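Enquirer: Coordinates in input26.txt, compact mmCIF, C-alpha atoms, are listed below.
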```
# COMPACT_ATOMS: atom_id res chain seq x y z
CA MET T 81 0.00 0.00 0.00
CA ILE T 82 1.46 3.35 -1.06
CA PHE T 83 0.40 6.29 1.10
CA GLY T 84 1.21 9.98 1.08
CA LYS T 85 -0.22 13.44 0.74
CA PHE T 86 -0.68 15.19 -2.60
CA ASN T 87 2.23 15.78 -4.99
CA VAL T 88 4.79 13.55 -3.30
CA GLY T 89 5.30 11.32 -6.35
CA LYS T 90 3.37 8.19 -5.35
CA SER T 91 2.26 7.31 -8.87
CA THR T 92 5.73 7.89 -10.32
CA LEU T 93 7.17 5.59 -7.65
CA PHE T 94 4.42 3.04 -8.34
CA ASN T 95 5.26 3.01 -12.06
CA GLN T 96 9.00 2.72 -11.45
CA ILE T 97 8.57 -0.25 -9.13
CA LEU T 98 6.40 -2.03 -11.69
CA LYS T 99 8.71 -1.00 -14.56
CA LYS T 100 5.62 -0.02 -16.50
CA LYS T 101 3.48 3.09 -16.58
CA ILE T 102 0.10 2.11 -15.17
CA SER T 103 -0.86 5.17 -13.11
CA ILE T 104 -1.02 8.53 -14.85
CA VAL T 105 1.13 11.32 -13.47
CA SER T 106 1.04 15.11 -13.48
CA LYS T 107 2.10 18.03 -11.30
CA LYS T 108 -1.51 18.67 -10.33
CA ARG T 109 -3.01 17.63 -7.04
CA ASN T 110 -5.29 14.59 -6.94
CA THR T 111 -4.29 13.23 -10.34
CA THR T 112 -5.04 9.69 -9.17
CA LEU T 113 -8.78 9.44 -8.49
CA LEU T 114 -9.17 5.73 -7.72
CA PRO T 115 -6.96 3.10 -6.08
CA ILE T 116 -5.06 1.15 -8.75
CA LEU T 117 -3.57 -2.29 -8.31
CA GLY T 118 -0.14 -3.17 -9.68
CA ILE T 119 1.28 -6.71 -9.65
CA CYS T 120 4.99 -7.44 -9.91
CA THR T 121 6.08 -11.08 -10.27
CA ASP T 122 9.79 -11.84 -10.13
CA GLY T 123 10.58 -15.54 -9.81
CA VAL T 124 9.27 -16.78 -6.47
CA TYR T 125 8.36 -13.23 -5.41
CA GLN T 126 5.00 -11.65 -6.13
CA SER T 127 4.26 -8.23 -4.69
CA ILE T 128 0.93 -6.46 -5.06
CA TYR T 129 0.96 -2.68 -4.82
CA ILE T 130 -1.94 -0.26 -4.43
CA ASP T 131 -1.48 3.29 -5.67
CA THR T 132 -3.92 5.35 -3.62
CA PRO T 133 -5.45 8.75 -4.39
CA SER T 134 -3.62 11.67 -2.84
CA LEU T 135 -4.39 12.36 0.77
CA PHE T 136 -5.61 15.89 0.33
CA PHE T 137 -6.36 18.08 3.29
CA LYS T 138 -8.47 21.20 3.39
CA LYS T 139 -7.78 23.93 5.89
CA LYS T 140 -9.41 23.35 9.28
CA GLN T 141 -10.43 19.83 8.19
CA VAL T 142 -7.22 17.92 8.86
CA PHE T 143 -8.55 15.81 11.69
CA ASN T 144 -11.78 14.90 9.88
CA PHE T 145 -9.93 13.64 6.83
CA PHE T 146 -9.58 9.97 7.67
CA LYS T 147 -13.24 9.80 8.61
CA ASP T 148 -14.52 11.50 5.46
CA ASN T 149 -12.09 10.49 2.72
CA ASN T 150 -13.28 7.73 0.36
CA CYS T 151 -9.73 6.59 -0.26
CA PHE T 152 -9.24 5.64 3.34
CA ASP T 153 -12.62 3.91 3.41
CA PHE T 154 -11.25 1.71 0.64
CA VAL T 155 -7.93 1.22 2.37
CA ILE T 156 -9.31 0.01 5.69
CA SER T 157 -11.48 -2.53 3.85
CA VAL T 158 -8.34 -4.28 2.60
CA ASP T 159 -7.42 -6.99 5.10
CA MET T 160 -4.28 -8.42 3.50
CA ILE T 161 -1.81 -5.57 3.83
CA ASN T 162 1.67 -6.49 5.03
CA ILE T 163 3.77 -3.49 4.00
CA ILE T 164 3.01 0.23 4.02
CA ILE T 165 5.11 2.51 1.82
CA PHE T 166 4.76 6.03 3.19
CA VAL T 167 6.06 8.61 0.71
CA VAL T 168 7.14 12.11 1.72
CA ASP T 169 8.35 15.03 -0.37
CA SER T 170 12.10 15.48 0.01
CA ILE T 171 13.06 16.82 3.46
CA ASN T 172 9.85 18.79 3.93
CA TRP T 173 8.11 17.16 6.91
CA THR T 174 4.68 18.77 7.35
CA ILE T 175 1.77 18.59 9.76
CA TYR T 176 0.02 16.43 7.15
CA ASP T 177 2.90 13.93 7.10
CA GLU T 178 2.78 13.89 10.88
CA PHE T 179 -0.93 13.16 10.93
CA ILE T 180 -0.81 10.50 8.21
CA SER T 181 2.10 8.68 9.86
CA LYS T 182 0.28 8.54 13.19
CA LYS T 183 -2.85 7.14 11.55
CA ILE T 184 -0.80 4.54 9.69
CA PHE T 185 0.70 3.29 12.94
CA ASP T 186 -2.72 3.35 14.61
CA TYR T 187 -4.47 1.31 11.92
CA TYR T 188 -1.66 -0.94 10.68
CA LYS T 189 0.20 -1.90 13.84
CA SER T 190 1.30 -5.29 12.51
CA CYS T 191 2.57 -3.98 9.15
CA THR T 192 6.10 -3.18 8.09
CA VAL T 193 6.20 0.58 7.50
CA ILE T 194 8.78 1.89 5.05
CA LEU T 195 9.38 5.63 4.86
CA VAL T 196 10.34 6.63 1.32
CA ILE T 197 11.96 10.06 1.09
CA ASN T 198 11.28 10.97 -2.52
CA LYS T 199 12.69 13.73 -4.73
CA ILE T 200 16.15 13.68 -3.16
CA ASP T 201 17.46 14.97 -6.50
CA ASN T 202 16.03 18.33 -5.37
CA ILE T 203 18.27 18.40 -2.28
CA LEU T 204 21.31 20.55 -3.02
CA TYR T 205 23.30 19.71 0.10
CA LYS T 206 23.22 15.98 0.91
CA ASN T 207 24.25 16.53 4.52
CA LYS T 208 20.77 17.97 5.03
CA LEU T 209 19.34 14.59 4.01
CA LEU T 210 21.41 12.84 6.69
CA SER T 211 20.22 15.34 9.30
CA TYR T 212 16.65 14.83 8.17
CA ILE T 213 16.91 11.04 8.43
CA SER T 214 18.37 11.42 11.92
CA PHE T 215 15.51 13.75 12.88
CA ILE T 216 12.85 11.35 11.58
CA SER T 217 14.53 8.34 13.23
CA THR T 218 14.26 9.93 16.66
CA LYS T 219 10.71 11.11 16.00
CA ILE T 220 9.03 7.98 14.57
CA LYS T 221 10.14 4.35 14.54
CA PHE T 222 9.91 3.36 10.88
CA ASP T 223 11.09 -0.13 9.98
CA GLU T 224 13.10 1.24 7.07
CA ILE T 225 13.95 4.71 5.75
CA ILE T 226 14.95 4.81 2.09
CA PRO T 227 15.79 7.99 0.14
CA VAL T 228 14.90 7.75 -3.55
CA SER T 229 14.32 9.76 -6.68
CA ALA T 230 11.36 8.12 -8.39
CA LYS T 231 11.72 10.51 -11.30
CA ASN T 232 15.32 9.43 -11.95
CA ASN T 233 14.83 5.80 -10.88
CA PHE T 234 17.44 6.24 -8.14
CA ASN T 235 17.48 3.71 -5.28
CA ILE T 236 14.30 2.00 -6.53
CA ASP T 237 16.22 -1.28 -6.68
CA VAL T 238 17.12 -0.86 -2.99
CA LEU T 239 13.47 -0.28 -2.12
CA ILE T 240 12.41 -3.39 -4.07
CA LYS T 241 15.00 -5.51 -2.23
CA VAL T 242 13.66 -4.29 1.13
CA ILE T 243 10.10 -5.05 0.03
CA LYS T 244 11.05 -8.58 -1.05
CA LYS T 245 12.79 -9.15 2.28
CA ASN T 246 9.57 -8.29 4.13
CA LEU T 247 7.10 -10.23 1.98
CA PRO T 248 5.26 -13.03 3.80
CA ASN T 249 5.42 -16.62 2.61
CA SER T 250 2.37 -17.23 0.46
CA TYR T 251 1.19 -18.51 -2.88
CA HIS T 252 0.88 -16.23 -5.91
CA PHE T 253 -2.53 -14.61 -6.23
CA PHE T 254 -2.05 -13.67 -9.90
CA SER T 255 -0.48 -15.30 -12.93
CA LYS T 256 2.91 -13.85 -13.86
CA ASN T 257 1.64 -12.07 -17.00
CA ILE T 258 -0.88 -9.91 -15.10
CA THR T 259 0.42 -6.47 -14.09
CA THR T 260 -2.73 -4.60 -13.07
CA ASN T 261 -6.39 -5.04 -12.20
CA VAL T 262 -7.65 -2.22 -14.42
CA SER T 263 -9.12 -2.78 -17.88
CA ASN T 264 -7.65 -1.60 -21.18
CA LYS T 265 -10.57 0.81 -21.52
CA PHE T 266 -9.79 2.33 -18.13
CA VAL T 267 -6.12 2.74 -19.10
CA ALA T 268 -7.16 4.49 -22.33
CA SER T 269 -9.49 6.89 -20.50
CA GLU T 270 -6.80 7.69 -17.92
CA ILE T 271 -4.20 8.38 -20.61
CA ILE T 272 -6.56 10.84 -22.29
CA ARG T 273 -7.27 12.50 -18.92
CA GLU T 274 -3.53 12.76 -18.26
CA LYS T 275 -2.97 14.58 -21.57
CA ILE T 276 -5.82 16.96 -20.77
CA MET T 277 -4.12 17.73 -17.45
CA LEU T 278 -0.88 18.30 -19.34
CA CYS T 279 -2.45 20.70 -21.84
CA PHE T 280 -4.61 22.76 -19.45
CA TRP T 281 -3.57 24.33 -16.14
CA ASP T 282 -6.71 25.88 -14.75
CA GLU T 283 -9.98 24.35 -13.58
CA ILE T 284 -10.69 22.40 -16.77
CA PRO T 285 -8.88 19.12 -15.91
CA TYR T 286 -11.03 18.76 -12.81
CA SER T 287 -14.31 19.30 -14.64
CA VAL T 288 -13.94 16.69 -17.39
CA PHE T 289 -14.92 13.04 -17.58
CA VAL T 290 -13.53 10.66 -20.19
CA LYS T 291 -15.58 7.73 -21.45
CA ILE T 292 -14.35 5.13 -23.94
CA GLU T 293 -17.28 4.40 -26.23
CA SER T 294 -15.57 1.83 -28.41
CA PHE T 295 -12.45 -0.28 -27.89
CA ILE T 296 -11.96 -2.81 -30.69
CA PHE T 297 -8.97 -4.91 -31.69
CA ASN T 298 -8.64 -5.32 -35.44
CA LYS T 299 -7.11 -8.77 -35.92
CA PHE T 300 -6.39 -8.06 -39.60
CA THR T 301 -4.27 -4.96 -38.96
CA GLY T 302 -3.17 -5.93 -35.45
CA SER T 303 -4.27 -2.55 -34.10
CA TYR T 304 -6.77 -1.02 -31.70
CA ASN T 305 -9.58 1.26 -32.87
CA ILE T 306 -10.54 3.46 -29.94
CA HIS T 307 -13.30 6.04 -29.78
CA GLY T 308 -13.50 8.27 -26.72
CA ILE T 309 -15.72 11.08 -25.49
CA ILE T 310 -14.50 13.95 -23.32
CA PHE T 311 -17.46 15.23 -21.34
CA VAL T 312 -17.38 18.81 -20.05
CA ILE T 313 -19.75 20.80 -17.87
CA CYS T 314 -20.23 23.88 -20.07
CA ASP T 315 -19.97 25.13 -23.65
CA MET T 316 -17.01 27.36 -22.80
CA HIS T 317 -14.94 24.36 -21.67
CA LYS T 318 -15.92 22.53 -24.82
CA LYS T 319 -14.59 25.37 -26.95
CA ILE T 320 -11.37 25.57 -24.95
CA ILE T 321 -10.63 21.84 -25.22
CA ILE T 322 -11.37 21.79 -28.95
CA GLY T 323 -9.26 24.90 -29.47
CA HIS T 324 -8.93 27.19 -32.46
CA GLU T 325 -9.50 25.15 -35.62
CA GLY T 326 -9.42 21.99 -33.49
CA LYS T 327 -5.72 22.36 -32.60
CA LYS T 328 -6.07 21.51 -28.91
CA ILE T 329 -8.14 18.37 -29.33
CA LYS T 330 -5.76 17.27 -32.09
CA LYS T 331 -2.80 17.69 -29.74
CA ILE T 332 -4.56 15.72 -26.98
CA SER T 333 -5.36 12.97 -29.49
CA ILE T 334 -1.78 12.72 -30.81
CA LEU T 335 -0.23 12.65 -27.32
CA SER T 336 -2.78 10.09 -26.12
CA ARG T 337 -2.32 7.84 -29.15
CA LYS T 338 1.45 7.77 -28.75
CA GLU T 339 1.14 6.89 -25.06
CA MET T 340 -1.40 4.15 -25.82
CA GLU T 341 0.85 2.60 -28.45
CA ILE T 342 3.64 2.38 -25.89
CA PHE T 343 1.33 0.77 -23.33
CA TYR T 344 -0.45 -1.69 -25.64
CA GLY T 345 2.52 -2.38 -27.87
CA VAL T 346 0.47 -2.10 -31.07
CA CYS T 347 -0.71 0.60 -33.46
CA VAL T 348 -3.67 2.65 -32.21
CA TYR T 349 -6.28 4.59 -34.17
CA LEU T 350 -7.89 7.10 -31.85
CA LYS T 351 -10.90 9.35 -32.37
CA LEU T 352 -12.01 11.86 -29.75
CA TRP T 353 -15.17 13.90 -29.38
CA VAL T 354 -16.01 16.62 -26.88
CA LYS T 355 -19.55 16.77 -25.51
CA LYS T 356 -21.32 18.80 -22.88
CA LEU T 357 -22.86 16.87 -20.03
CA LYS T 358 -26.62 17.10 -20.10
```
The structure given in the file should be rewritten as structure tokens.

Expert:
Amino acid sequence: MIFGKFNVGKSTLFNQILKKKISIVSKKRNTTLLPILGICTDGVYQSIYIDTPSLFFKKKQVFNFFKDNNCFDFVISVDMINIIIFVVDSINWTIYDEFISKKIFDYYKSCTVILVINKIDNILYKNKLLSYISFISTKIKFDEIIPVSAKNNFNIDVLIKVIKKNLPNSYHFFSKNITTNVSNKFVASEIIREKIMLCFWDEIPYSVFVKIESFIFNKFTGSYNIHGIIFVICDMHKKIIIGHEGKKIKKISILSRKEMEIFYGVCVYLKLWVKKLK
């Protein structure tokens, strides 16, 4: 289980561990909307990861978060968690990190808790990292503290070794060729949503919904034909996403198609429409 507040790089870490991009990533808060399962099988080892939505706090609502947040409702319903990966942003320990860590230890007392200090590539003076680790070690008793850079794939191999060391003896729940629990249609819709988040920086990415209307494999050409609809809440947003002479929607389509071809490993023909929600 991968925990952490918004913008700490949970999905990037998730993808690096699995060596495949399954969760979409962006610099915006709450990019991940639903928990996503990732399965990594390496010989006798099989580890199952859950990338959770960002733990987002509103002012004056910090201590109501774990009661009200749907993500945590999902998390506490999972009864087979052995390892918690708690991700923090560089050496910036906040009140939110403090609160999340306490709740983790309250709810998952029997779990191995690994603190992952992400984005260490942003730390100019490495002695500050050592001081930070010393500070955290005296503050909270984590089972392991591992500094990484998920973006640069630094120390991910060390993290994986620690995870393998702490896995319980059990049979494999999934066959070795399965890497996620989400459908191909879901992946396609998430890729399109990611490109929308990349192209627009205001409120638009949070007011769109992507639905895959058609997802067909053409056995003669060995390609996917995908038709998707981007639903928006108003006519103004529709015009913005389409862009002047259709340039924006064309850019979204090209970026999405290229990403899909990498993920599926075959040629993709993608058509997108923009509609206003009724």

Enquirer: Would you work out the distance separating atom CA of Ile284 of chain T from atom CA of Leu335 of chain T, expressed in Å to one decimal?

Expert: 17.8 Å

Enquirer: At a cut-off of 8 Å, using only C-alpha atoms, what residues contact Arg273 of chain T? Leave out same-chain residues fewer than 2 positions from it and give the result as an NGL selection string.

Expert: :T and (269-271 or 275-277 or 285 or 289-290)

Enquirer: Choose the residue, out of T:Ser250, T:Asn202, T:Thr259, T:Thr111, that has the smallest atom-to-atom separation from Val124 of chain T; count all atoms listed in the file.

Expert: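 When distances to Val124 of chain T are compared using all atoms listed in the file, the smallest one comes from T:Ser250.
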
Enquirer: Which is closest to Thr192 of chain T among T:Ile334, T:Ile272, T:Ile163, T:Cys314, if we use all atoms listed in the file?

Expert: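 Counting all atoms listed in the file, the residue closest to Thr192 of chain T is T:Ile163.
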
Enquirer: Go through T:Thr92, T:Phe295, T:Lys328, T:Ile197 one by one, measure the shortest atom-to-atom distance of each to Ser263 of chain T using only C-alpha atoms, and give the residue with the smallest value.

Expert: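 Of the candidates, the smallest distance to Ser263 of chain T is held by T:Phe295.
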
Enquirer: Is it possible to get the residues within 6 Å of (-2.8, -5.7, -12.7) (coordinates as in the file, counting only C-alpha atoms) written as a list of chain:residue names?

Expert: T:Leu117, T:Gly118, T:Ile119, T:Ile258, T:Thr259, T:Thr260, T:Asn261

Enquirer: May I have the residues from that selection written out with C-alpha atoms, as a compact mmCIF listing (two decimals), in the coordinates of the input?

Expert:
```
# COMPACT_ATOMS: atom_id res chain seq x y z
CA LEU T 117 -3.57 -2.29 -8.31
CA GLY T 118 -0.14 -3.17 -9.68
CA ILE T 119 1.28 -6.71 -9.65
CA ILE T 258 -0.88 -9.91 -15.10
CA THR T 259 0.42 -6.47 -14.09
CA THR T 260 -2.73 -4.60 -13.07
CA ASN T 261 -6.39 -5.04 -12.20
```

Enquirer: Can you tell me how far atom CA of Asn233 of chain T sits from atom CA of Ile97 of chain T, in Å to one decimal?

Expert: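 Answer for the atom CA of Asn233 of chain T to atom CA of Ile97 of chain T separation: 8.9 Å.
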
Enquirer: For Asn305 of chain T, which residue out of T:Val348, T:Ala268, T:Met340, T:Ile332 is the nearest one, using all atoms listed in the file?

Expert: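 Closest to Asn305 of chain T of all the choices is T:Val348.
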
Enquirer: Would you mind telling me which residue in T:Phe166, T:Tyr251, T:Phe179, T:Tyr304 lies nearest to Ile82 of chain T when using all atoms listed in the file?

Expert: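 Closest to Ile82 of chain T of all the choices is T:Phe166.
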